[in-house]
>>> print(open('input.pdb').read())   # PDB, C-alpha atoms and all ligand atoms
ATOM      1  CA  MET A1097     142.664 171.623 112.588  1.00  0.00           C
ATOM      2  CA  ASN A1098     140.815 173.583 109.868  1.00  0.00           C
ATOM      3  CA  LYS A1099     138.553 176.394 110.980  1.00  0.00           C
ATOM      4  CA  ILE A1100     135.349 176.799 108.929  1.00  0.00           C
ATOM      5  CA  LEU A1101     133.008 179.769 109.015  1.00  0.00           C
ATOM      6  CA  ILE A1102     129.496 178.609 108.213  1.00  0.00           C
ATOM      7  CA  THR A1103     127.056 181.469 107.716  1.00  0.00           C
ATOM      8  CA  GLY A1104     123.325 180.850 108.063  1.00  0.00           C
ATOM      9  CA  GLY A1105     124.026 177.694 110.037  1.00  0.00           C
ATOM     10  CA  ALA A1106     120.848 178.051 112.103  1.00  0.00           C
ATOM     11  CA  GLY A1107     118.730 177.602 108.967  1.00  0.00           C
ATOM     12  CA  PHE A1108     117.335 174.468 107.363  1.00  0.00           C
ATOM     13  CA  ILE A1109     120.286 173.347 105.227  1.00  0.00           C
ATOM     14  CA  GLY A1110     123.120 174.981 107.207  1.00  0.00           C
ATOM     15  CA  SER A1111     122.153 173.254 110.474  1.00  0.00           C
ATOM     16  CA  ASN A1112     122.074 169.872 108.731  1.00  0.00           C
ATOM     17  CA  PHE A1113     125.450 170.584 107.165  1.00  0.00           C
ATOM     18  CA  ILE A1114     126.939 171.445 110.578  1.00  0.00           C
ATOM     19  CA  HIS A1115     125.678 168.139 112.015  1.00  0.00           C
ATOM     20  CA  TYR A1116     127.129 166.321 109.026  1.00  0.00           C
ATOM     21  CA  ILE A1117     130.567 167.876 109.191  1.00  0.00           C
ATOM     22  CA  LEU A1118     130.939 167.527 112.974  1.00  0.00           C
ATOM     23  CA  SER A1119     129.833 163.890 112.953  1.00  0.00           C
ATOM     24  CA  LYS A1120     132.052 162.931 110.023  1.00  0.00           C
ATOM     25  CA  TYR A1121     135.292 164.786 110.861  1.00  0.00           C
ATOM     26  CA  ASP A1122     137.284 165.588 114.023  1.00  0.00           C
ATOM     27  CA  SER A1123     139.573 167.905 112.142  1.00  0.00           C
ATOM     28  CA  TYR A1124     137.180 170.829 111.596  1.00  0.00           C
ATOM     29  CA  GLN A1125     136.332 173.597 114.008  1.00  0.00           C
ATOM     30  CA  VAL A1126     132.973 175.071 113.017  1.00  0.00           C
ATOM     31  CA  ILE A1127     131.950 178.671 113.705  1.00  0.00           C
ATOM     32  CA  ASN A1128     128.272 179.208 112.936  1.00  0.00           C
ATOM     33  CA  LEU A1129     127.452 182.857 112.235  1.00  0.00           C
ATOM     34  CA  ASP A1130     123.743 183.596 111.965  1.00  0.00           C
ATOM     35  CA  LYS A1131     121.552 186.707 112.212  1.00  0.00           C
ATOM     36  CA  LEU A1132     118.712 184.591 113.630  1.00  0.00           C
ATOM     37  CA  THR A1133     115.923 185.777 111.353  1.00  0.00           C
ATOM     38  CA  TYR A1134     112.447 184.215 111.507  1.00  0.00           C
ATOM     39  CA  ALA A1135     113.893 181.327 109.438  1.00  0.00           C
ATOM     40  CA  ALA A1136     116.502 180.315 112.034  1.00  0.00           C
ATOM     41  CA  ASN A1137     115.982 177.625 114.651  1.00  0.00           C
ATOM     42  CA  LEU A1138     118.741 177.128 117.206  1.00  0.00           C
ATOM     43  CA  ASP A1139     116.819 174.155 118.658  1.00  0.00           C
ATOM     44  CA  ASN A1140     118.107 172.181 115.669  1.00  0.00           C
ATOM     45  CA  LEU A1141     121.649 172.643 117.036  1.00  0.00           C
ATOM     46  CA  LYS A1142     120.953 172.019 120.763  1.00  0.00           C
ATOM     47  CA  ASP A1143     122.581 168.597 120.704  1.00  0.00           C
ATOM     48  CA  ILE A1144     125.914 170.015 119.549  1.00  0.00           C
ATOM     49  CA  GLU A1145     125.992 173.216 121.659  1.00  0.00           C
ATOM     50  CA  SER A1146     128.644 171.749 123.955  1.00  0.00           C
ATOM     51  CA  ASN A1147     130.727 170.144 121.196  1.00  0.00           C
ATOM     52  CA  LYS A1148     134.281 171.465 121.636  1.00  0.00           C
ATOM     53  CA  ASN A1149     134.588 171.907 117.858  1.00  0.00           C
ATOM     54  CA  TYR A1150     131.480 174.132 117.615  1.00  0.00           C
ATOM     55  CA  LYS A1151     130.774 177.786 118.412  1.00  0.00           C
ATOM     56  CA  PHE A1152     127.744 179.995 117.642  1.00  0.00           C
ATOM     57  CA  ILE A1153     128.095 183.716 116.932  1.00  0.00           C
ATOM     58  CA  HIS A1154     125.084 186.007 116.499  1.00  0.00           C
ATOM     59  CA  GLY A1155     125.752 188.466 113.664  1.00  0.00           C
ATOM     60  CA  ASN A1156     124.915 189.846 110.251  1.00  0.00           C
ATOM     61  CA  ILE A1157     126.959 189.137 107.100  1.00  0.00           C
ATOM     62  CA  VAL A1158     126.047 192.602 105.798  1.00  0.00           C
ATOM     63  CA  ASP A1159     127.872 194.342 108.691  1.00  0.00           C
ATOM     64  CA  LYS A1160     131.292 194.872 107.132  1.00  0.00           C
ATOM     65  CA  GLU A1161     133.034 196.174 110.267  1.00  0.00           C
ATOM     66  CA  PHE A1162     131.820 193.228 112.339  1.00  0.00           C
ATOM     67  CA  ILE A1163     132.685 190.688 109.624  1.00  0.00           C
ATOM     68  CA  PHE A1164     136.188 192.040 109.094  1.00  0.00           C
ATOM     69  CA  ARG A1165     136.834 192.008 112.876  1.00  0.00           C
ATOM     70  CA  LEU A1166     135.585 188.422 113.048  1.00  0.00           C
ATOM     71  CA  PHE A1167     137.908 187.341 110.216  1.00  0.00           C
ATOM     72  CA  GLU A1168     140.798 189.158 111.906  1.00  0.00           C
ATOM     73  CA  ASP A1169     140.130 187.416 115.249  1.00  0.00           C
ATOM     74  CA  GLU A1170     139.222 183.915 114.098  1.00  0.00           C
ATOM     75  CA  LYS A1171     141.585 183.332 111.165  1.00  0.00           C
ATOM     76  CA  PHE A1172     139.322 181.024 109.145  1.00  0.00           C
ATOM     77  CA  ASP A1173     140.635 178.514 106.610  1.00  0.00           C
ATOM     78  CA  ILE A1174     137.337 177.977 104.773  1.00  0.00           C
ATOM     79  CA  VAL A1175     134.104 179.985 104.424  1.00  0.00           C
ATOM     80  CA  ILE A1176     130.767 178.474 103.383  1.00  0.00           C
ATOM     81  CA  ASN A1177     127.960 180.951 102.800  1.00  0.00           C
ATOM     82  CA  PHE A1178     124.514 179.494 103.460  1.00  0.00           C
ATOM     83  CA  ALA A1179     123.129 182.769 104.880  1.00  0.00           C
ATOM     84  CA  ALA A1180     120.337 184.154 102.748  1.00  0.00           C
ATOM     85  CA  GLU A1181     116.809 185.364 102.620  1.00  0.00           C
ATOM     86  CA  SER A1182     115.479 182.236 100.990  1.00  0.00           C
ATOM     87  CA  HIS A1183     111.706 182.339 100.610  1.00  0.00           C
ATOM     88  CA  VAL A1184     110.559 183.207  97.092  1.00  0.00           C
ATOM     89  CA  ASP A1185     107.105 184.463  98.104  1.00  0.00           C
ATOM     90  CA  ASN A1186     108.640 186.915 100.612  1.00  0.00           C
ATOM     91  CA  SER A1187     110.909 188.243  97.859  1.00  0.00           C
ATOM     92  CA  ILE A1188     107.902 189.259  95.789  1.00  0.00           C
ATOM     93  CA  LEU A1189     106.377 191.159  98.737  1.00  0.00           C
ATOM     94  CA  ASN A1190     109.626 192.649 100.113  1.00  0.00           C
ATOM     95  CA  PRO A1191     112.519 192.391  97.645  1.00  0.00           C
ATOM     96  CA  GLN A1192     114.848 194.901  99.338  1.00  0.00           C
ATOM     97  CA  ILE A1193     116.086 192.627 102.139  1.00  0.00           C
ATOM     98  CA  PHE A1194     116.916 189.999  99.476  1.00  0.00           C
ATOM     99  CA  THR A1195     119.164 192.492  97.666  1.00  0.00           C
ATOM    100  CA  ILE A1196     120.792 193.534 100.945  1.00  0.00           C
ATOM    101  CA  THR A1197     121.447 190.083 102.427  1.00  0.00           C
ATOM    102  CA  ASN A1198     121.950 187.940  99.342  1.00  0.00           C
ATOM    103  CA  ILE A1199     123.986 190.367  97.222  1.00  0.00           C
ATOM    104  CA  PHE A1200     125.621 192.876  99.607  1.00  0.00           C
ATOM    105  CA  GLY A1201     126.155 190.214 102.284  1.00  0.00           C
ATOM    106  CA  THR A1202     127.966 187.956  99.816  1.00  0.00           C
ATOM    107  CA  GLN A1203     130.053 190.921  98.652  1.00  0.00           C
ATOM    108  CA  VAL A1204     131.137 191.636 102.254  1.00  0.00           C
ATOM    109  CA  LEU A1205     132.179 187.993 102.726  1.00  0.00           C
ATOM    110  CA  LEU A1206     134.108 187.991  99.435  1.00  0.00           C
ATOM    111  CA  ASP A1207     135.878 191.226 100.372  1.00  0.00           C
ATOM    112  CA  ALA A1208     136.810 189.735 103.758  1.00  0.00           C
ATOM    113  CA  CYS A1209     138.056 186.526 102.091  1.00  0.00           C
ATOM    114  CA  LYS A1210     140.234 188.578  99.766  1.00  0.00           C
ATOM    115  CA  LYS A1211     141.630 190.748 102.548  1.00  0.00           C
ATOM    116  CA  TYR A1212     142.338 187.833 104.910  1.00  0.00           C
ATOM    117  CA  ASN A1213     143.592 185.483 102.194  1.00  0.00           C
ATOM    118  CA  ILE A1214     141.005 182.732 102.712  1.00  0.00           C
ATOM    119  CA  LYS A1215     141.985 179.781 100.564  1.00  0.00           C
ATOM    120  CA  ARG A1216     138.487 178.412  99.970  1.00  0.00           C
ATOM    121  CA  PHE A1217     135.039 180.066  99.693  1.00  0.00           C
ATOM    122  CA  HIS A1218     131.851 178.162  98.881  1.00  0.00           C
ATOM    123  CA  GLN A1219     128.789 180.078  97.799  1.00  0.00           C
ATOM    124  CA  VAL A1220     125.530 178.164  98.167  1.00  0.00           C
ATOM    125  CA  SER A1221     123.421 178.986  95.137  1.00  0.00           C
ATOM    126  CA  THR A1222     120.116 177.621  93.882  1.00  0.00           C
ATOM    127  CA  ASP A1223     118.879 175.839  90.772  1.00  0.00           C
ATOM    128  CA  GLU A1224     116.335 178.662  90.497  1.00  0.00           C
ATOM    129  CA  VAL A1225     118.992 180.926  88.932  1.00  0.00           C
ATOM    130  CA  TYR A1226     118.342 178.931  85.718  1.00  0.00           C
ATOM    131  CA  GLY A1227     114.583 179.554  85.775  1.00  0.00           C
ATOM    132  CA  ASP A1228     111.895 176.877  85.549  1.00  0.00           C
ATOM    133  CA  LEU A1229     111.990 173.456  83.922  1.00  0.00           C
ATOM    134  CA  PRO A1230     108.906 172.471  81.902  1.00  0.00           C
ATOM    135  CA  LEU A1231     106.857 169.684  83.467  1.00  0.00           C
ATOM    136  CA  TYR A1232     106.148 168.016  80.098  1.00  0.00           C
ATOM    137  CA  ASP A1233     109.729 166.862  79.383  1.00  0.00           C
ATOM    138  CA  LYS A1234     111.522 165.190  82.267  1.00  0.00           C
ATOM    139  CA  SER A1235     114.664 164.677  80.166  1.00  0.00           C
ATOM    140  CA  LEU A1236     115.407 168.415  80.179  1.00  0.00           C
ATOM    141  CA  LEU A1237     117.959 169.275  82.864  1.00  0.00           C
ATOM    142  CA  PHE A1238     119.902 172.353  83.904  1.00  0.00           C
ATOM    143  CA  THR A1239     123.670 172.224  83.480  1.00  0.00           C
ATOM    144  CA  GLU A1240     126.274 174.790  84.453  1.00  0.00           C
ATOM    145  CA  LYS A1241     126.165 175.940  80.803  1.00  0.00           C
ATOM    146  CA  THR A1242     122.442 176.725  80.936  1.00  0.00           C
ATOM    147  CA  PRO A1243     121.907 180.499  80.559  1.00  0.00           C
ATOM    148  CA  LEU A1244     120.847 182.276  83.746  1.00  0.00           C
ATOM    149  CA  ASN A1245     117.125 183.044  83.690  1.00  0.00           C
ATOM    150  CA  PRO A1246     115.966 184.001  87.200  1.00  0.00           C
ATOM    151  CA  SER A1247     112.274 184.709  87.571  1.00  0.00           C
ATOM    152  CA  SER A1248     111.873 186.199  91.067  1.00  0.00           C
ATOM    153  CA  PRO A1249     113.703 188.771  93.200  1.00  0.00           C
ATOM    154  CA  TYR A1250     115.012 185.819  95.246  1.00  0.00           C
ATOM    155  CA  SER A1251     116.528 183.965  92.283  1.00  0.00           C
ATOM    156  CA  ALA A1252     117.793 187.235  90.731  1.00  0.00           C
ATOM    157  CA  SER A1253     119.611 188.059  93.979  1.00  0.00           C
ATOM    158  CA  LYS A1254     121.171 184.562  94.104  1.00  0.00           C
ATOM    159  CA  ALA A1255     122.255 184.834  90.447  1.00  0.00           C
ATOM    160  CA  SER A1256     123.776 188.218  91.198  1.00  0.00           C
ATOM    161  CA  ALA A1257     125.694 186.806  94.176  1.00  0.00           C
ATOM    162  CA  ASP A1258     127.001 183.985  91.949  1.00  0.00           C
TER     163      ASP A1258
HETATM  164  N1  LIG A1301     115.840 175.284 100.972  1.00  0.00           N
HETATM  165  C1  LIG A1301     115.969 175.060  99.665  1.00  0.00           C
HETATM  166  O1  LIG A1301     115.160 174.364  99.044  1.00  0.00           O
HETATM  167  C2  LIG A1301     117.148 175.641  98.904  1.00  0.00           C
HETATM  168  C3  LIG A1301     117.344 175.232  97.598  1.00  0.00           C
HETATM  169  C4  LIG A1301     118.419 175.737  96.896  1.00  0.00           C
HETATM  170  C5  LIG A1301     119.282 176.632  97.502  1.00  0.00           C
HETATM  171  N2  LIG A1301     119.074 177.052  98.766  1.00  0.00           N
HETATM  172  C6  LIG A1301     120.036 177.991  99.352  1.00  0.00           C
HETATM  173  O2  LIG A1301     120.642 177.317 100.437  1.00  0.00           O
HETATM  174  C7  LIG A1301     120.957 178.251 101.476  1.00  0.00           C
HETATM  175  C8  LIG A1301     120.309 177.800 102.773  1.00  0.00           C
HETATM  176  O3  LIG A1301     118.909 177.665 102.553  1.00  0.00           O
HETATM  177  P1  LIG A1301     117.913 177.283 103.740  1.00  0.00           P
HETATM  178  O4  LIG A1301     116.727 176.656 103.144  1.00  0.00           O
HETATM  179  O5  LIG A1301     118.668 176.590 104.823  1.00  0.00           O
HETATM  180  O6  LIG A1301     117.500 178.761 104.230  1.00  0.00           O
HETATM  181  P2  LIG A1301     116.843 179.192 105.608  1.00  0.00           P
HETATM  182  O7  LIG A1301     115.992 180.391 105.288  1.00  0.00           O
HETATM  183  O8  LIG A1301     116.245 178.032 106.321  1.00  0.00           O
HETATM  184  O9  LIG A1301     118.106 179.672 106.465  1.00  0.00           O
HETATM  185  C9  LIG A1301     118.822 180.834 106.173  1.00  0.00           C
HETATM  186  C10 LIG A1301     119.601 181.203 107.417  1.00  0.00           C
HETATM  187  O10 LIG A1301     120.350 182.392 107.115  1.00  0.00           O
HETATM  188  C11 LIG A1301     120.257 183.273 108.226  1.00  0.00           C
HETATM  189  N3  LIG A1301     120.454 184.643 107.743  1.00  0.00           N
HETATM  190  C12 LIG A1301     119.598 185.381 106.985  1.00  0.00           C
HETATM  191  N4  LIG A1301     120.113 186.606 106.767  1.00  0.00           N
HETATM  192  C13 LIG A1301     121.327 186.632 107.381  1.00  0.00           C
HETATM  193  C14 LIG A1301     122.330 187.621 107.505  1.00  0.00           C
HETATM  194  N5  LIG A1301     122.190 188.836 106.940  1.00  0.00           N
HETATM  195  N6  LIG A1301     123.455 187.327 108.202  1.00  0.00           N
HETATM  196  C15 LIG A1301     123.607 186.102 108.789  1.00  0.00           C
HETATM  197  N7  LIG A1301     122.662 185.125 108.714  1.00  0.00           N
HETATM  198  C16 LIG A1301     121.542 185.389 108.017  1.00  0.00           C
HETATM  199  C17 LIG A1301     118.865 183.043 108.784  1.00  0.00           C
HETATM  200  O11 LIG A1301     118.762 183.484 110.134  1.00  0.00           O
HETATM  201  C18 LIG A1301     118.720 181.537 108.631  1.00  0.00           C
HETATM  202  O12 LIG A1301     119.194 180.850 109.771  1.00  0.00           O
HETATM  203  C19 LIG A1301     120.462 179.614 100.994  1.00  0.00           C
HETATM  204  O13 LIG A1301     121.565 180.315 100.450  1.00  0.00           O
HETATM  205  C20 LIG A1301     119.444 179.274  99.921  1.00  0.00           C
HETATM  206  O14 LIG A1301     119.372 180.302  98.941  1.00  0.00           O
HETATM  207  C21 LIG A1301     118.027 176.576  99.488  1.00  0.00           C
END
>>> encode(input="input.pdb", output="structure tokens", more="lines below")
Ligand SMILES: NC(=O)c1ccc[n+]([C@@H]2O[C@H](COP(=O)([O-])OP(=O)(O)OC[C@H]3O[C@@H](n4cnc5c(N)ncnc54)[C@H](O)[C@@H]3O)[C@@H](O)[C@H]2O)c1
Amino acid sequence: MNKILITGGAGFIGSNFIHYILSKYDSYQVINLDKLTYAANLDNLKDIESNKNYKFIHGNIVDKEFIFRLFEDEKFDIVINFAAESHVDNSILNPQIFTITNIFGTQVLLDACKKYNIKRFHQVSTDEVYGDLPLYDKSLLFTEKTPLNPSSPYSASKASAD
């Protein structure tokens, strides 16, 4: 049985991913760690609350002491970081929380992965780290070789975490 830490699992994409992984595999135990910001919705996970392979923990990825204790106790095999401040417009009005959660929070998780020898860490990024595609030419695409060109505090914080 592999134990996966999913951060930000009460959000839009994370909650869908948790449904996906629990319905497709019996061999994963999922721990969903979420700070429950305005963007979270635990109602989206009600149907799996009693699943024996699922557990919810309320917490903040920025809190190093808490995160290190959690890694010590739970002994994860895999970490997938969905947790983020994710709304571009909010990042223009209040960039600081984007720096704290998206950059420092990722750093704390990476430090914990290093200390506790986690064999696999997935960072969920965004296409916005590459900037904007022009509308006039649909053949233009981003690739992983495209230079980073973030254009908002949100996308700059995601590029920094990458
Ligand atoms: N939605 C999109 O279109 C999109 C596109 C590309 C990439 N992404 C990325 O995918 C990931 C998930 O996006 P989403 O749309 O589900 O976001 P979301 O805003 O719906 O969910 C984010 C979740 O993270 C939690 N969270 C925020 N700060 C936290 C913290 N400090 N500690 C623990 N949990 C915290 C929130 O409570 C929320 O449940 C993000 O990393 C985002 O940057 C999203």
>>> residues_near_ligand(input="input.pdb", ligand="ligand LIG 1301 (chain A)", cutoff="7 Å", atoms="all atoms listed in the file", output="ChimeraX atom specification")
/A:1103-1110,1129-1137,1155-1158,1177-1183,1197,1201,1220-1223,1254
>>> residues_around(input="input.pdb", residues="region 1113-1119 of chain A", least_positions_apart="4", cutoff="8 Å", atoms="all atoms listed in the file", output="PyMOL selection string")
chain A and resi 1102+1105+1109+1124+1126+1141+1144+1149
>>> closest_residue(input="input.pdb", among="A:Pro1230, A:Lys1171, A:Asn1190, A:Leu1237", to="Cys1209 (chain A)", atoms="all atoms listed in the file")
A:Lys1171
>>> atom_distance(input="input.pdb", atom1="CA of Ile1100 (chain A)", atom2="CA of Ile1176 (chain A)")
7.4 Å
>>> atom_distance(input="input.pdb", atom1="CA of Lys1160 (chain A)", atom2="CA of Ala1208 (chain A)")
8.3 Å
>>> closest_residue(input="input.pdb", among="A:Tyr1250, A:Leu1236, A:Lys1210, A:Leu1205", to="Glu1224 (chain A)", atoms="all atoms listed in the file")
A:Tyr1250
>>> resolve_selection(input="input.pdb", expression="the PyMOL selection byres (((chain A and resi 1191) around 12) and not hetatm)", output="MDAnalysis selection string")
chainID A and resid 1181:1190 1192:1199 1248:1253
>>> atom_distance(input="input.pdb", atom1="CA of Met1097 (chain A)", atom2="CA of Phe1152 (chain A)")
17.8 Å
>>> closest_residue(input="input.pdb", among="A:Lys1142, A:Ala1257, A:Lys1211, A:Pro1246", to="Arg1165 (chain A)", atoms="only C-alpha atoms")
A:Lys1211
>>> resolve_selection(input="input.pdb", expression="the PyMOL selection byres (((chain A and resi 1243) around 12) and not hetatm)", output="number ranges by chain")
A: 1223-1228, 1238-1242, 1244-1246, 1255
>>> resolve_selection(input="input.pdb", expression="the PyMOL selection byres (((chain A and resi 1173) around 6) and not hetatm)", output="number ranges by chain")
A: 1098-1099, 1172, 1174, 1214
>>> closest_residue(input="input.pdb", among="A:Ile1127, A:Val1204, A:Leu1229, A:Val1175", to="His1154 (chain A)", atoms="all atoms listed in the file")
A:Ile1127
>>> build_atoms(input="input.pdb", residues="region 1226-1244 of chain A", atoms="N, CA and C atoms", output="CSV table (one decimal), in the frame of the given file")
chain,number,residue,atom,x,y,z
A,1226,TYR,N,118.5,179.3,87.1
A,1226,TYR,CA,118.3,178.9,85.7
A,1226,TYR,C,116.9,179.0,85.3
A,1227,GLY,N,116.0,179.4,86.2
A,1227,GLY,CA,114.6,179.6,85.8
A,1227,GLY,C,113.8,178.3,86.1
A,1228,ASP,N,112.8,178.0,85.3
A,1228,ASP,CA,111.9,176.9,85.5
A,1228,ASP,C,112.1,175.8,84.5
A,1229,LEU,N,112.0,174.6,84.9
A,1229,LEU,CA,112.0,173.5,83.9
A,1229,LEU,C,110.5,173.1,83.6
A,1230,PRO,N,110.3,172.8,82.3
A,1230,PRO,CA,108.9,172.5,81.9
A,1230,PRO,C,108.5,171.1,82.5
A,1231,LEU,N,107.3,171.0,82.9
A,1231,LEU,CA,106.9,169.7,83.5
A,1231,LEU,C,106.7,168.6,82.4
A,1232,TYR,N,106.5,169.0,81.1
A,1232,TYR,CA,106.1,168.0,80.1
A,1232,TYR,C,107.3,167.2,79.6
A,1233,ASP,N,108.6,167.6,79.9
A,1233,ASP,CA,109.7,166.9,79.4
A,1233,ASP,C,110.7,166.6,80.5
A,1234,LYS,N,110.7,165.5,81.1
A,1234,LYS,CA,111.5,165.2,82.3
A,1234,LYS,C,113.0,165.0,81.9
A,1235,SER,N,113.3,164.9,80.6
A,1235,SER,CA,114.7,164.7,80.2
A,1235,SER,C,115.4,166.0,80.2
A,1236,LEU,N,114.7,167.1,80.2
A,1236,LEU,CA,115.4,168.4,80.2
A,1236,LEU,C,116.0,168.7,81.6
A,1237,LEU,N,117.3,169.0,81.6
A,1237,LEU,CA,118.0,169.3,82.9
A,1237,LEU,C,118.8,170.6,82.7
A,1238,PHE,N,119.0,171.2,83.9
A,1238,PHE,CA,119.9,172.4,83.9
A,1238,PHE,C,121.3,171.8,83.9
A,1239,THR,N,122.2,172.5,83.3
A,1239,THR,CA,123.7,172.2,83.5
A,1239,THR,C,124.3,173.6,83.8
A,1240,GLU,N,125.6,173.5,84.1
A,1240,GLU,CA,126.3,174.8,84.5
A,1240,GLU,C,126.4,175.7,83.2
A,1241,LYS,N,126.1,175.1,82.0
A,1241,LYS,CA,126.2,175.9,80.8
A,1241,LYS,C,124.8,176.5,80.5
A,1242,THR,N,123.8,176.2,81.2
A,1242,THR,CA,122.4,176.7,80.9
A,1242,THR,C,122.5,178.2,81.2
A,1243,PRO,N,121.9,179.1,80.3
A,1243,PRO,CA,121.9,180.5,80.6
A,1243,PRO,C,121.1,180.8,81.8
A,1244,LEU,N,121.6,181.8,82.6
A,1244,LEU,CA,120.8,182.3,83.7
A,1244,LEU,C,119.5,182.9,83.3
